[in-house]
$ cat target_26.txt   # compact mmCIF, N, CA and C atoms
# COMPACT_ATOMS: atom_id res chain seq x y z
N MET A 1 -58.80 -47.79 -59.82
CA MET A 1 -57.84 -46.80 -59.39
C MET A 1 -57.86 -46.72 -57.85
N ARG A 2 -56.71 -46.68 -57.25
CA ARG A 2 -56.58 -46.63 -55.80
C ARG A 2 -56.68 -45.18 -55.31
N PRO A 3 -57.45 -44.90 -54.23
CA PRO A 3 -57.59 -43.53 -53.75
C PRO A 3 -56.29 -43.02 -53.12
N SER A 4 -56.08 -41.74 -53.22
CA SER A 4 -54.89 -41.14 -52.63
C SER A 4 -55.10 -40.95 -51.13
N LEU A 5 -54.03 -40.64 -50.43
CA LEU A 5 -54.10 -40.39 -49.00
C LEU A 5 -55.03 -39.23 -48.70
N ARG A 6 -54.96 -38.18 -49.48
CA ARG A 6 -55.81 -37.01 -49.29
C ARG A 6 -57.29 -37.40 -49.41
N GLN A 7 -57.62 -38.24 -50.40
CA GLN A 7 -59.00 -38.68 -50.58
C GLN A 7 -59.48 -39.53 -49.40
N MET A 8 -58.59 -40.39 -48.90
CA MET A 8 -58.97 -41.21 -47.74
C MET A 8 -59.22 -40.34 -46.52
N LEU A 9 -58.40 -39.34 -46.31
CA LEU A 9 -58.58 -38.45 -45.17
C LEU A 9 -59.85 -37.63 -45.32
N GLN A 10 -60.20 -37.23 -46.53
CA GLN A 10 -61.44 -36.49 -46.76
C GLN A 10 -62.64 -37.38 -46.45
N VAL A 11 -62.57 -38.64 -46.84
CA VAL A 11 -63.65 -39.56 -46.52
C VAL A 11 -63.79 -39.67 -45.02
N ARG A 12 -62.67 -39.76 -44.33
CA ARG A 12 -62.69 -39.88 -42.86
C ARG A 12 -63.31 -38.64 -42.23
N GLU A 13 -62.99 -37.46 -42.72
CA GLU A 13 -63.52 -36.22 -42.17
C GLU A 13 -65.01 -36.06 -42.47
N ASN A 14 -65.43 -36.45 -43.66
CA ASN A 14 -66.81 -36.29 -44.06
C ASN A 14 -67.74 -37.33 -43.48
N MET A 15 -67.23 -38.52 -43.20
CA MET A 15 -68.05 -39.61 -42.66
C MET A 15 -67.33 -40.19 -41.45
N PRO A 16 -67.66 -39.71 -40.26
CA PRO A 16 -67.00 -40.22 -39.06
C PRO A 16 -67.18 -41.72 -38.93
N GLY A 17 -66.11 -42.40 -38.62
CA GLY A 17 -66.16 -43.84 -38.43
C GLY A 17 -65.79 -44.61 -39.68
N ILE A 18 -65.89 -43.99 -40.87
CA ILE A 18 -65.56 -44.69 -42.11
C ILE A 18 -64.16 -44.26 -42.52
N GLY A 19 -63.32 -45.20 -42.78
CA GLY A 19 -61.96 -44.91 -43.22
C GLY A 19 -61.02 -44.57 -42.09
N THR A 20 -61.48 -44.64 -40.86
CA THR A 20 -60.65 -44.26 -39.72
C THR A 20 -59.45 -45.18 -39.58
N ARG A 21 -59.69 -46.47 -39.67
CA ARG A 21 -58.60 -47.43 -39.50
C ARG A 21 -57.57 -47.28 -40.61
N ALA A 22 -58.04 -47.15 -41.85
CA ALA A 22 -57.12 -47.00 -42.98
C ALA A 22 -56.31 -45.72 -42.84
N ALA A 23 -56.97 -44.65 -42.40
CA ALA A 23 -56.25 -43.38 -42.24
C ALA A 23 -55.19 -43.51 -41.15
N LYS A 24 -55.53 -44.18 -40.04
CA LYS A 24 -54.55 -44.35 -38.97
C LYS A 24 -53.39 -45.21 -39.43
N GLU A 25 -53.69 -46.30 -40.15
CA GLU A 25 -52.62 -47.17 -40.62
C GLU A 25 -51.71 -46.44 -41.59
N THR A 26 -52.28 -45.65 -42.48
CA THR A 26 -51.48 -44.88 -43.44
C THR A 26 -50.61 -43.88 -42.70
N HIS A 27 -51.20 -43.23 -41.68
CA HIS A 27 -50.47 -42.23 -40.89
C HIS A 27 -49.32 -42.90 -40.14
N MET A 28 -49.57 -44.09 -39.58
CA MET A 28 -48.54 -44.78 -38.82
C MET A 28 -47.39 -45.24 -39.71
N THR A 29 -47.70 -45.63 -40.94
CA THR A 29 -46.64 -46.11 -41.81
C THR A 29 -45.80 -44.98 -42.37
N THR A 30 -46.30 -43.75 -42.33
CA THR A 30 -45.52 -42.63 -42.83
C THR A 30 -44.55 -42.11 -41.77
N LYS A 31 -44.70 -42.51 -40.52
CA LYS A 31 -43.80 -42.09 -39.44
C LYS A 31 -42.62 -43.04 -39.35
N SER A 32 -41.51 -42.52 -38.89
CA SER A 32 -40.34 -43.37 -38.69
C SER A 32 -40.53 -44.20 -37.42
N LEU A 33 -39.78 -45.27 -37.30
CA LEU A 33 -39.89 -46.15 -36.16
C LEU A 33 -39.62 -45.43 -34.83
N PRO A 34 -38.58 -44.59 -34.72
CA PRO A 34 -38.37 -43.86 -33.47
C PRO A 34 -39.56 -42.96 -33.12
N ASP A 35 -40.18 -42.33 -34.13
CA ASP A 35 -41.34 -41.49 -33.87
C ASP A 35 -42.52 -42.32 -33.38
N GLN A 36 -42.70 -43.49 -33.97
CA GLN A 36 -43.78 -44.37 -33.54
C GLN A 36 -43.56 -44.83 -32.10
N ILE A 37 -42.32 -45.14 -31.76
CA ILE A 37 -41.99 -45.58 -30.40
C ILE A 37 -42.22 -44.43 -29.42
N THR A 38 -41.81 -43.24 -29.80
CA THR A 38 -42.02 -42.07 -28.94
C THR A 38 -43.51 -41.83 -28.72
N ASP A 39 -44.30 -41.91 -29.80
CA ASP A 39 -45.74 -41.72 -29.68
C ASP A 39 -46.35 -42.77 -28.75
N ALA A 40 -45.93 -44.02 -28.91
CA ALA A 40 -46.45 -45.09 -28.07
C ALA A 40 -46.06 -44.87 -26.61
N ALA A 41 -44.84 -44.39 -26.38
CA ALA A 41 -44.40 -44.12 -25.00
C ALA A 41 -45.25 -43.02 -24.37
N PHE A 42 -45.58 -41.98 -25.13
CA PHE A 42 -46.44 -40.92 -24.60
C PHE A 42 -47.84 -41.44 -24.28
N VAL A 43 -48.36 -42.32 -25.11
CA VAL A 43 -49.68 -42.90 -24.87
C VAL A 43 -49.66 -43.73 -23.59
N VAL A 44 -48.62 -44.55 -23.42
CA VAL A 44 -48.51 -45.37 -22.22
C VAL A 44 -48.35 -44.48 -20.99
N LYS A 45 -47.54 -43.44 -21.10
CA LYS A 45 -47.34 -42.53 -19.97
C LYS A 45 -48.65 -41.88 -19.57
N ASP A 46 -49.43 -41.43 -20.54
CA ASP A 46 -50.72 -40.80 -20.24
C ASP A 46 -51.67 -41.78 -19.57
N LYS A 47 -51.69 -43.02 -20.05
CA LYS A 47 -52.58 -44.02 -19.44
C LYS A 47 -52.16 -44.33 -18.01
N VAL A 48 -50.85 -44.43 -17.77
CA VAL A 48 -50.36 -44.69 -16.41
C VAL A 48 -50.70 -43.51 -15.49
N ASN A 49 -50.54 -42.29 -15.98
CA ASN A 49 -50.89 -41.12 -15.17
C ASN A 49 -52.38 -41.10 -14.86
N ASP A 50 -53.21 -41.43 -15.83
CA ASP A 50 -54.66 -41.47 -15.60
C ASP A 50 -55.01 -42.53 -14.56
N LEU A 51 -54.39 -43.70 -14.68
CA LEU A 51 -54.65 -44.78 -13.73
C LEU A 51 -54.21 -44.39 -12.32
N SER A 52 -53.05 -43.77 -12.22
CA SER A 52 -52.54 -43.32 -10.93
C SER A 52 -53.46 -42.28 -10.30
N ARG A 53 -53.91 -41.33 -11.11
CA ARG A 53 -54.81 -40.29 -10.62
C ARG A 53 -56.12 -40.90 -10.13
N SER A 54 -56.65 -41.85 -10.88
CA SER A 54 -57.89 -42.51 -10.52
C SER A 54 -57.74 -43.28 -9.22
N ALA A 55 -56.64 -44.02 -9.08
CA ALA A 55 -56.40 -44.78 -7.86
C ALA A 55 -56.25 -43.87 -6.65
N THR A 56 -55.57 -42.75 -6.82
CA THR A 56 -55.40 -41.80 -5.72
C THR A 56 -56.73 -41.21 -5.30
N GLU A 57 -57.58 -40.88 -6.27
CA GLU A 57 -58.90 -40.33 -5.95
C GLU A 57 -59.74 -41.34 -5.18
N LYS A 58 -59.69 -42.61 -5.58
CA LYS A 58 -60.44 -43.64 -4.88
C LYS A 58 -59.91 -43.82 -3.45
N MET A 59 -58.58 -43.77 -3.32
CA MET A 59 -58.00 -43.91 -1.98
C MET A 59 -58.35 -42.73 -1.10
N GLU A 60 -58.41 -41.53 -1.67
CA GLU A 60 -58.80 -40.35 -0.90
C GLU A 60 -60.22 -40.51 -0.37
N ALA A 61 -61.13 -40.99 -1.22
CA ALA A 61 -62.52 -41.19 -0.78
C ALA A 61 -62.59 -42.25 0.31
N THR A 62 -61.81 -43.30 0.19
CA THR A 62 -61.79 -44.36 1.19
C THR A 62 -61.20 -43.85 2.50
N ARG A 63 -60.20 -43.00 2.40
CA ARG A 63 -59.56 -42.44 3.61
C ARG A 63 -60.56 -41.67 4.44
N VAL A 64 -61.38 -40.84 3.81
CA VAL A 64 -62.37 -40.04 4.53
C VAL A 64 -63.42 -40.95 5.16
N ALA A 65 -63.87 -41.95 4.41
CA ALA A 65 -64.87 -42.88 4.94
C ALA A 65 -64.30 -43.67 6.12
N ALA A 66 -63.03 -44.07 6.04
CA ALA A 66 -62.40 -44.81 7.13
C ALA A 66 -62.32 -43.95 8.39
N ALA A 67 -62.01 -42.69 8.22
CA ALA A 67 -61.95 -41.79 9.38
C ALA A 67 -63.32 -41.69 10.05
N GLY A 68 -64.37 -41.59 9.25
CA GLY A 68 -65.72 -41.55 9.82
C GLY A 68 -66.07 -42.82 10.56
N GLY A 69 -65.68 -43.98 10.00
CA GLY A 69 -65.93 -45.25 10.66
C GLY A 69 -65.18 -45.37 11.97
N LEU A 70 -63.94 -44.91 12.00
CA LEU A 70 -63.17 -44.93 13.25
C LEU A 70 -63.80 -44.04 14.31
N ASP A 71 -64.27 -42.87 13.91
CA ASP A 71 -64.94 -41.97 14.85
C ASP A 71 -66.20 -42.60 15.44
N SER A 72 -67.02 -43.22 14.59
CA SER A 72 -68.26 -43.81 15.09
C SER A 72 -67.97 -44.99 16.01
N THR A 73 -66.94 -45.79 15.69
CA THR A 73 -66.57 -46.90 16.57
C THR A 73 -66.04 -46.37 17.90
N ALA A 74 -65.25 -45.32 17.84
CA ALA A 74 -64.74 -44.71 19.08
C ALA A 74 -65.88 -44.20 19.94
N SER A 75 -66.84 -43.57 19.32
CA SER A 75 -67.99 -43.05 20.06
C SER A 75 -68.77 -44.19 20.71
N ALA A 76 -68.98 -45.27 19.99
CA ALA A 76 -69.71 -46.41 20.55
C ALA A 76 -68.96 -47.01 21.73
N LEU A 77 -67.62 -47.07 21.62
CA LEU A 77 -66.83 -47.62 22.73
C LEU A 77 -66.87 -46.70 23.95
N HIS A 78 -66.86 -45.39 23.72
CA HIS A 78 -66.94 -44.45 24.84
C HIS A 78 -68.28 -44.60 25.56
N ASN A 79 -69.32 -44.95 24.86
CA ASN A 79 -70.65 -45.07 25.44
C ASN A 79 -70.94 -46.47 25.98
N SER A 80 -69.98 -47.38 25.93
CA SER A 80 -70.21 -48.76 26.39
C SER A 80 -70.23 -48.83 27.91
N GLY A 81 -70.55 -50.00 28.40
CA GLY A 81 -70.71 -50.21 29.84
C GLY A 81 -69.43 -50.03 30.65
N GLU A 82 -69.59 -50.07 31.97
CA GLU A 82 -68.49 -49.83 32.90
C GLU A 82 -67.53 -51.02 33.04
N LYS A 83 -67.96 -52.22 32.64
CA LYS A 83 -67.12 -53.41 32.82
C LYS A 83 -65.78 -53.29 32.08
N VAL A 84 -65.84 -52.76 30.90
CA VAL A 84 -64.62 -52.65 30.11
C VAL A 84 -64.29 -51.19 29.82
N ALA A 85 -64.66 -50.32 30.72
CA ALA A 85 -64.55 -48.88 30.51
C ALA A 85 -63.12 -48.45 30.20
N ASP A 86 -62.17 -48.87 31.00
CA ASP A 86 -60.79 -48.43 30.79
C ASP A 86 -60.25 -48.92 29.44
N LEU A 87 -60.49 -50.18 29.15
CA LEU A 87 -60.03 -50.74 27.89
C LEU A 87 -60.74 -50.07 26.71
N ALA A 88 -62.04 -49.88 26.85
CA ALA A 88 -62.83 -49.27 25.78
C ALA A 88 -62.40 -47.82 25.54
N HIS A 89 -62.18 -47.08 26.63
CA HIS A 89 -61.77 -45.68 26.47
C HIS A 89 -60.37 -45.57 25.85
N GLY A 90 -59.46 -46.45 26.24
CA GLY A 90 -58.12 -46.45 25.64
C GLY A 90 -58.18 -46.77 24.15
N THR A 91 -58.98 -47.78 23.81
CA THR A 91 -59.14 -48.14 22.41
C THR A 91 -59.82 -47.01 21.64
N ALA A 92 -60.83 -46.42 22.24
CA ALA A 92 -61.53 -45.31 21.58
C ALA A 92 -60.59 -44.13 21.34
N ASP A 93 -59.72 -43.86 22.30
CA ASP A 93 -58.75 -42.76 22.11
C ASP A 93 -57.80 -43.06 20.95
N LYS A 94 -57.36 -44.31 20.85
CA LYS A 94 -56.48 -44.69 19.73
C LYS A 94 -57.22 -44.56 18.40
N LEU A 95 -58.48 -44.97 18.37
CA LEU A 95 -59.27 -44.84 17.14
C LEU A 95 -59.47 -43.38 16.76
N ASN A 96 -59.73 -42.53 17.77
CA ASN A 96 -59.85 -41.09 17.49
C ASN A 96 -58.54 -40.53 16.94
N SER A 97 -57.43 -40.99 17.51
CA SER A 97 -56.13 -40.55 17.02
C SER A 97 -55.93 -40.98 15.57
N GLY A 98 -56.32 -42.21 15.25
CA GLY A 98 -56.22 -42.70 13.87
C GLY A 98 -57.10 -41.90 12.93
N ALA A 99 -58.31 -41.56 13.37
CA ALA A 99 -59.22 -40.76 12.54
C ALA A 99 -58.64 -39.37 12.27
N LYS A 100 -58.05 -38.77 13.30
CA LYS A 100 -57.43 -37.44 13.12
C LYS A 100 -56.27 -37.52 12.14
N TYR A 101 -55.49 -38.59 12.25
CA TYR A 101 -54.35 -38.77 11.34
C TYR A 101 -54.84 -38.90 9.90
N LEU A 102 -55.87 -39.72 9.68
CA LEU A 102 -56.39 -39.91 8.33
C LEU A 102 -56.95 -38.61 7.75
N ARG A 103 -57.57 -37.79 8.60
CA ARG A 103 -58.12 -36.52 8.12
C ARG A 103 -57.03 -35.50 7.80
N SER A 104 -55.95 -35.53 8.56
CA SER A 104 -54.93 -34.50 8.41
C SER A 104 -53.85 -34.84 7.38
N ASN A 105 -53.83 -36.06 6.87
CA ASN A 105 -52.81 -36.47 5.91
C ASN A 105 -53.45 -36.98 4.63
N ASP A 106 -52.83 -36.64 3.51
CA ASP A 106 -53.31 -37.17 2.23
C ASP A 106 -52.61 -38.50 1.95
N VAL A 107 -53.03 -39.17 0.88
CA VAL A 107 -52.52 -40.52 0.58
C VAL A 107 -50.99 -40.52 0.39
N PRO A 108 -50.41 -39.60 -0.40
CA PRO A 108 -48.94 -39.63 -0.53
C PRO A 108 -48.23 -39.43 0.82
N GLY A 109 -48.80 -38.60 1.69
CA GLY A 109 -48.22 -38.40 3.01
C GLY A 109 -48.27 -39.65 3.87
N ILE A 110 -49.39 -40.37 3.76
CA ILE A 110 -49.53 -41.61 4.51
C ILE A 110 -48.51 -42.64 4.02
N PHE A 111 -48.35 -42.75 2.69
CA PHE A 111 -47.36 -43.69 2.15
C PHE A 111 -45.95 -43.29 2.58
N SER A 112 -45.66 -42.02 2.63
CA SER A 112 -44.34 -41.55 3.06
C SER A 112 -44.10 -41.93 4.52
N ASP A 113 -45.09 -41.71 5.38
CA ASP A 113 -44.97 -42.08 6.79
C ASP A 113 -44.78 -43.59 6.94
N LEU A 114 -45.53 -44.37 6.14
CA LEU A 114 -45.43 -45.82 6.20
C LEU A 114 -44.04 -46.29 5.78
N GLN A 115 -43.47 -45.65 4.75
CA GLN A 115 -42.11 -46.00 4.33
C GLN A 115 -41.11 -45.73 5.45
N GLY A 116 -41.29 -44.62 6.15
CA GLY A 116 -40.40 -44.30 7.26
C GLY A 116 -40.47 -45.33 8.37
N ILE A 117 -41.69 -45.78 8.68
CA ILE A 117 -41.87 -46.79 9.73
C ILE A 117 -41.21 -48.10 9.31
N VAL A 118 -41.39 -48.50 8.05
CA VAL A 118 -40.81 -49.75 7.56
C VAL A 118 -39.29 -49.67 7.60
N ARG A 119 -38.73 -48.52 7.24
CA ARG A 119 -37.26 -48.37 7.26
C ARG A 119 -36.70 -48.43 8.68
N LYS A 120 -37.46 -47.88 9.65
CA LYS A 120 -36.99 -47.88 11.03
C LYS A 120 -37.17 -49.24 11.70
N ASN A 121 -38.18 -50.01 11.27
CA ASN A 121 -38.50 -51.29 11.89
C ASN A 121 -38.68 -52.37 10.83
N PRO A 122 -37.61 -52.77 10.15
CA PRO A 122 -37.78 -53.74 9.06
C PRO A 122 -38.24 -55.13 9.54
N GLY A 123 -37.75 -55.58 10.68
CA GLY A 123 -38.13 -56.90 11.19
C GLY A 123 -39.61 -56.95 11.55
N MET A 124 -40.08 -55.96 12.29
CA MET A 124 -41.48 -55.90 12.67
C MET A 124 -42.36 -55.73 11.44
N SER A 125 -41.88 -54.97 10.46
CA SER A 125 -42.64 -54.76 9.23
C SER A 125 -42.81 -56.06 8.47
N LEU A 126 -41.76 -56.87 8.40
CA LEU A 126 -41.86 -58.18 7.74
C LEU A 126 -42.83 -59.10 8.48
N LEU A 127 -42.79 -59.04 9.81
CA LEU A 127 -43.70 -59.86 10.60
C LEU A 127 -45.15 -59.45 10.35
N VAL A 128 -45.41 -58.16 10.35
CA VAL A 128 -46.77 -57.66 10.10
C VAL A 128 -47.21 -58.00 8.68
N ALA A 129 -46.31 -57.82 7.70
CA ALA A 129 -46.64 -58.14 6.31
C ALA A 129 -46.96 -59.63 6.16
N GLY A 130 -46.20 -60.47 6.84
CA GLY A 130 -46.47 -61.91 6.80
C GLY A 130 -47.82 -62.24 7.41
N PHE A 131 -48.13 -61.62 8.54
CA PHE A 131 -49.41 -61.86 9.19
C PHE A 131 -50.57 -61.39 8.30
N VAL A 132 -50.43 -60.21 7.72
CA VAL A 132 -51.48 -59.69 6.84
C VAL A 132 -51.64 -60.59 5.61
N GLY A 133 -50.53 -61.02 5.04
CA GLY A 133 -50.58 -61.92 3.89
C GLY A 133 -51.26 -63.23 4.23
N PHE A 134 -50.95 -63.77 5.40
CA PHE A 134 -51.58 -65.01 5.85
C PHE A 134 -53.08 -64.80 6.05
N ALA A 135 -53.46 -63.70 6.67
CA ALA A 135 -54.88 -63.43 6.92
C ALA A 135 -55.65 -63.25 5.61
N VAL A 136 -55.05 -62.55 4.66
CA VAL A 136 -55.71 -62.34 3.37
C VAL A 136 -55.85 -63.68 2.65
N ALA A 137 -54.78 -64.46 2.63
CA ALA A 137 -54.84 -65.77 1.96
C ALA A 137 -55.88 -66.67 2.62
N ARG A 138 -55.94 -66.63 3.91
CA ARG A 138 -56.91 -67.44 4.66
C ARG A 138 -58.34 -66.99 4.33
N ALA A 139 -58.54 -65.68 4.25
CA ALA A 139 -59.88 -65.15 3.93
C ALA A 139 -60.28 -65.50 2.51
N LEU A 140 -59.34 -65.48 1.59
CA LEU A 140 -59.64 -65.76 0.19
C LEU A 140 -59.87 -67.24 -0.07
N THR A 141 -59.27 -68.11 0.73
CA THR A 141 -59.42 -69.54 0.52
C THR A 141 -60.47 -70.16 1.43
N SER A 142 -61.14 -69.35 2.23
CA SER A 142 -62.18 -69.85 3.12
C SER A 142 -63.33 -70.43 2.31
N GLU A 143 -63.86 -71.57 2.75
CA GLU A 143 -64.94 -72.23 2.02
C GLU A 143 -66.30 -71.92 2.62
N ASP A 144 -66.37 -70.97 3.51
CA ASP A 144 -67.66 -70.62 4.16
C ASP A 144 -68.54 -69.84 3.24

$ encode --input "target_26.txt" --output "structure tokens"
Amino acid sequence: MRPSLRQMLQVRENMPGIGTRAAKETHMTTKSLPDQITDAAFVVKDKVNDLSRSATEKMEATRVAAAGGLDSTASALHNSGEKVADLAHGTADKLNSGAKYLRSNDVPGIFSDLQGIVRKNPGMSLLVAGFVGFAVARALTSED
């Protein structure tokens, strides 16, 4: 005799891990195709939102660390010798400015600013993107 759906679900509730697949398959076959598609879309949407949230959190942590690195490099340049004092101080000021920008803006704000720059300067943006792409490709294919 074949067990009923109710019996299979009771087995699943009483013994975790046993009958789970059968219960899910039975549940999925009782739903209409549009309902199954809707459920799948919600699952995909949740996974994409989780991935986006995770990526943003990682970028936020990197942003703070980058600001600290820029500050320490700026400080080292300010303390360097007199031979390159003007150049070092100018570079250090730019690094400090970059650190302040990173601290005062969140990741979505930075992306928004970057989009504005690209829209205002499409030619220069393509040139920079090409250079960055070349540098990354060169670094990845280096045999050192």

$ residues_around --input "target_26.txt" --residues "stretch 110-118 of chain A" --least-positions-apart "2" --cutoff "12 Å" --atoms "only C-alpha atoms" --output "NGL selection string"
:A and (56 or 59-60 or 63 or 98 or 101-108 or 120-129)

$ atom_distance --input "target_26.txt" --atom1 "atom CA of A:Ala67" --atom2 "atom CA of A:Lys94"
12.1 Å

$ atom_distance --input "target_26.txt" --atom1 "atom C of A:Ala66" --atom2 "atom C of A:Leu95"
8.9 Å

$ closest_residue --input "target_26.txt" --among "A:Ala76, A:Ala139, A:Leu70, A:Val44" --to "A:Lys100" --atoms "only N, CA and C atoms"
A:Leu70

$ atom_distance --input "target_26.txt" --atom1 "atom CA of A:Val64" --atom2 "atom CA of A:Ser97"
14.0 Å

$ residues_around --input "target_26.txt" --residues "A:Ser75" --least-positions-apart "3" --cutoff "8 Å" --atoms "only N, CA and C atoms" --output "PyMOL selection string"
chain A and resi 69-72+78-80+92-93+95-96
